[in-house]
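Asker: Dropping the structure in here first, questions after.
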Amino acid sequence: MHTLTDTLADNIRHLPLTRPVAEVDPNAVVVSTDDCALTYAELDRWSNRLARLLLRIGAGANTRVAIAIDDEIESVVAERAIVKIGATPVPVAADRTFMLGTTVGVTTKAQRGELTDAISWLVLDDRSTLQRYLAGSDAPLTEADQLPTAA
């Protein structure tokens, strides 16, 4: 019998990014698919933008953030963004049980209909999300980025 911790540990990808991007080859490929290759530099920039969006919807240090994404590259970017803000990535399993205690998540339109409304979902391929993402800064996160914003 697996405990919740054992199962999550088996499902979470550990990216080799304990060092700043400046200390690794920024052009080295982190993950690739048939039609795209993501470098460390791109991963850093893309995850900075996504991290800022996650912070705006309530994710932050010590929160659990669900990941319901099939695309390998989007999944890696989401995981990295979540880790950057001090949150814990929680891969969504087929039975959806690991989402307990999770209030924020990242998904796509294709999967959103199957997911609970009890979580604030950031839908990556939603037009408004894409607009905010593309208009956002890809600069490294600062402490000021992680401060709660006034509503």
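So you can find residues: chains in the structure tokens are A, B, ... in the order shown, residues in each start at 1, and ligands are numbered from 1 in order.
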I'd like the neighbourhood of A:Glu74 as a CSV table (one decimal) with all heavy atoms, in the first residue's frame, where a residue qualifies if any of its atoms comes within 9 Å (using only C-alpha atoms), though same-chain residues fewer than 5 positions away should be ignored.
Answerer:
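Result file follows (selection-v2.csv):
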chain,number,residue,atom,x,y,z
A,69,ILE,N,-2.2,18.8,-16.8
A,69,ILE,CA,-1.8,19.2,-18.2
A,69,ILE,C,-1.2,17.9,-18.8
A,69,ILE,O,-0.3,17.3,-18.2
A,69,ILE,CB,-0.7,20.3,-18.1
A,69,ILE,CG1,-1.2,21.5,-17.4
A,69,ILE,CG2,-0.2,20.6,-19.5
A,69,ILE,CD1,-0.1,22.5,-17.1
A,79,GLU,N,5.3,23.2,-13.6
A,79,GLU,CA,6.0,22.7,-12.4
A,79,GLU,C,7.1,23.7,-11.9
A,79,GLU,O,7.2,24.0,-10.7
A,79,GLU,CB,6.6,21.3,-12.6
A,79,GLU,CG,7.2,20.8,-11.4
A,79,GLU,CD,7.9,19.4,-11.6
A,79,GLU,OE1,7.5,18.7,-12.5
A,79,GLU,OE2,8.8,19.1,-10.8
A,124,LEU,N,-4.4,27.5,-19.2
A,124,LEU,CA,-3.3,28.0,-20.0
A,124,LEU,C,-3.6,28.5,-21.4
A,124,LEU,O,-3.1,29.5,-21.9
A,124,LEU,CB,-2.1,27.0,-20.1
A,124,LEU,CG,-1.5,26.7,-18.8
A,124,LEU,CD1,-0.4,25.6,-19.0
A,124,LEU,CD2,-0.9,27.9,-18.1
Asker: At a cut-off of 12 Å, using only C-alpha atoms, what residues contact A:Thr108? Leave out same-chain residues fewer than 4 positions from it and give the result as a list in words.
Answerer: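 Everything that qualifies: Ile67, Ala68, Ile69, Asp70, Asp71, Glu74, Ser75, Ala78, Arg112, Gly113, Glu114, Leu115, Trp121, Leu122, Val123, Leu124, Asp125, Asp126, Arg127, Thr129 and Leu130 of chain A.
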Asker: For the residues in the current selection, export N, CA and C atoms as a PDB file, in the first residue's frame.
Answerer:
ATOM      1  N   ILE A  67      -1.674  20.319 -10.997  1.00  0.00           N
ATOM      2  CA  ILE A  67      -1.257  20.379 -12.396  1.00  0.00           C
ATOM      3  C   ILE A  67      -2.047  19.325 -13.161  1.00  0.00           C
ATOM      4  N   ALA A  68      -2.913  19.787 -14.054  1.00  0.00           N
ATOM      5  CA  ALA A  68      -3.697  18.880 -14.899  1.00  0.00           C
ATOM      6  C   ALA A  68      -3.409  19.239 -16.347  1.00  0.00           C
ATOM      7  N   ILE A  69      -2.243  18.824 -16.816  1.00  0.00           N
ATOM      8  CA  ILE A  69      -1.755  19.177 -18.152  1.00  0.00           C
ATOM      9  C   ILE A  69      -1.156  17.932 -18.788  1.00  0.00           C
ATOM     10  N   ASP A  70      -1.563  17.645 -20.013  1.00  0.00           N
ATOM     11  CA  ASP A  70      -0.997  16.503 -20.732  1.00  0.00           C
ATOM     12  C   ASP A  70       0.287  16.856 -21.470  1.00  0.00           C
ATOM     13  N   ASP A  71       0.394  18.075 -21.984  1.00  0.00           N
ATOM     14  CA  ASP A  71       1.545  18.485 -22.779  1.00  0.00           C
ATOM     15  C   ASP A  71       2.806  18.510 -21.923  1.00  0.00           C
ATOM     16  N   GLU A  74       4.436  22.170 -21.460  1.00  0.00           N
ATOM     17  CA  GLU A  74       3.621  23.005 -20.580  1.00  0.00           C
ATOM     18  C   GLU A  74       3.669  22.493 -19.146  1.00  0.00           C
ATOM     19  N   SER A  75       3.707  21.194 -18.976  1.00  0.00           N
ATOM     20  CA  SER A  75       3.770  20.596 -17.646  1.00  0.00           C
ATOM     21  C   SER A  75       5.076  20.964 -16.938  1.00  0.00           C
ATOM     22  N   ALA A  78       4.936  24.648 -15.963  1.00  0.00           N
ATOM     23  CA  ALA A  78       4.041  24.835 -14.823  1.00  0.00           C
ATOM     24  C   ALA A  78       4.707  24.379 -13.524  1.00  0.00           C
ATOM     25  N   ARG A 112     -10.253  20.989 -18.583  1.00  0.00           N
ATOM     26  CA  ARG A 112     -10.987  21.790 -17.591  1.00  0.00           C
ATOM     27  C   ARG A 112     -12.370  21.228 -17.279  1.00  0.00           C
ATOM     28  N   GLY A 113     -13.099  20.743 -18.255  1.00  0.00           N
ATOM     29  CA  GLY A 113     -14.446  20.232 -18.044  1.00  0.00           C
ATOM     30  C   GLY A 113     -14.515  19.042 -17.111  1.00  0.00           C
ATOM     31  N   GLU A 114     -13.424  18.318 -16.974  1.00  0.00           N
ATOM     32  CA  GLU A 114     -13.386  17.125 -16.121  1.00  0.00           C
ATOM     33  C   GLU A 114     -12.972  17.445 -14.688  1.00  0.00           C
ATOM     34  N   LEU A 115     -12.650  18.700 -14.410  1.00  0.00           N
ATOM     35  CA  LEU A 115     -12.070  19.058 -13.123  1.00  0.00           C
ATOM     36  C   LEU A 115     -13.068  19.780 -12.223  1.00  0.00           C
ATOM     37  N   TRP A 121      -8.844  27.460 -11.290  1.00  0.00           N
ATOM     38  CA  TRP A 121      -8.004  26.936 -12.365  1.00  0.00           C
ATOM     39  C   TRP A 121      -7.486  28.045 -13.254  1.00  0.00           C
ATOM     40  N   LEU A 122      -6.203  28.056 -13.508  1.00  0.00           N
ATOM     41  CA  LEU A 122      -5.594  28.912 -14.510  1.00  0.00           C
ATOM     42  C   LEU A 122      -5.551  28.063 -15.774  1.00  0.00           C
ATOM     43  N   VAL A 123      -6.358  28.425 -16.769  1.00  0.00           N
ATOM     44  CA  VAL A 123      -6.460  27.653 -18.005  1.00  0.00           C
ATOM     45  C   VAL A 123      -5.466  28.250 -18.998  1.00  0.00           C
ATOM     46  N   LEU A 124      -4.381  27.519 -19.240  1.00  0.00           N
ATOM     47  CA  LEU A 124      -3.259  28.043 -20.011  1.00  0.00           C
ATOM     48  C   LEU A 124      -3.629  28.488 -21.425  1.00  0.00           C
ATOM     49  N   ASP A 125      -4.506  27.757 -22.094  1.00  0.00           N
ATOM     50  CA  ASP A 125      -4.818  28.111 -23.478  1.00  0.00           C
ATOM     51  C   ASP A 125      -6.097  28.945 -23.608  1.00  0.00           C
ATOM     52  N   ASP A 126      -6.545  29.523 -22.507  1.00  0.00           N
ATOM     53  CA  ASP A 126      -7.659  30.459 -22.544  1.00  0.00           C
ATOM     54  C   ASP A 126      -7.133  31.804 -23.056  1.00  0.00           C
ATOM     55  N   ARG A 127      -7.906  32.470 -23.879  1.00  0.00           N
ATOM     56  CA  ARG A 127      -7.447  33.720 -24.503  1.00  0.00           C
ATOM     57  C   ARG A 127      -7.018  34.767 -23.470  1.00  0.00           C
ATOM     58  N   THR A 129      -5.960  34.318 -20.421  1.00  0.00           N
ATOM     59  CA  THR A 129      -4.725  33.876 -19.783  1.00  0.00           C
ATOM     60  C   THR A 129      -3.537  34.133 -20.712  1.00  0.00           C
ATOM     61  N   LEU A 130      -3.694  33.789 -21.976  1.00  0.00           N
ATOM     62  CA  LEU A 130      -2.609  34.015 -22.935  1.00  0.00           C
ATOM     63  C   LEU A 130      -2.255  35.495 -23.046  1.00  0.00           C
TER      64      LEU A 130
END
Asker: So that I can check the surroundings of A:Trp46, please list as a list in words every protein, DNA and RNA residue that reaches within 12 Å of it, counting only C-alpha atoms and ignoring chain neighbours fewer than 6 positions away.
Answerer: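 Once the adjacent positions are removed, what remains is Leu38, Thr39, Tyr40, Arg52, Leu53, Ile73, Glu74, Ser75, Val76, Val77, Ala78, Glu79, Arg80, Ala81, Ile82, Lys84, Leu130, Tyr133, Leu134, Ala135, Gly136, Ser137, Asp138, Ala139, Pro140 and Leu141 of chain A.
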Asker: Go through stretch 17-149 of chain A and collect every residue that DSSP, computed from the backbone, puts in helix (DSSP H, G or I); the answer should be as a ChimeraX atom specification.
Answerer: /A:21-23,40-56,72-84,97-99,109-112,127-135,144-146
Asker: Give the answer as one residue: which of A:Ser32, A:Gln146, A:Gln131, A:Gln111 has the shortest atom-to-atom distance to A:Gly60, using only C-alpha atoms?
Answerer: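 Among the listed residues, the smallest separation from A:Gly60 belongs to A:Gln146.
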Asker: Between atom CA of A:Gly86 and atom CA of A:Glu72, measure the distance and give it in Å to one decimal.
Answerer: 21.5 Å
Asker: Can you list every residue in stretch 8-143 of chain A that DSSP puts in strand (DSSP E), as a list in words?
Answerer: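 Across stretch 8-143 of chain A, those assigned strand (DSSP E) are Val29, Val30, Val31, Ser32, Ala37, Leu38, Thr39, Arg64, Val65, Ala66, Ile67, Ala68, Thr88, Pro89, Val90, Pro91, Val104, Gly105, Val106, Thr107, Ser120, Trp121, Leu122 and Val123 of chain A.
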Asker: Counting only C-alpha atoms, what is within 9 Å of A:Ser120, bar same-chain residues fewer than 3 positions away, as a count of residues only?
Answerer: 7
Asker: Nearest to A:Pro91 among A:Ala66, A:Ile119, A:Cys36, A:Ala41, with distances taken over only C-alpha atoms: which residue is it?
Answerer: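 Checking each of A:Ala66, A:Ile119, A:Cys36, A:Ala41 against A:Pro91, counting only C-alpha atoms, the winner is A:Ala66.
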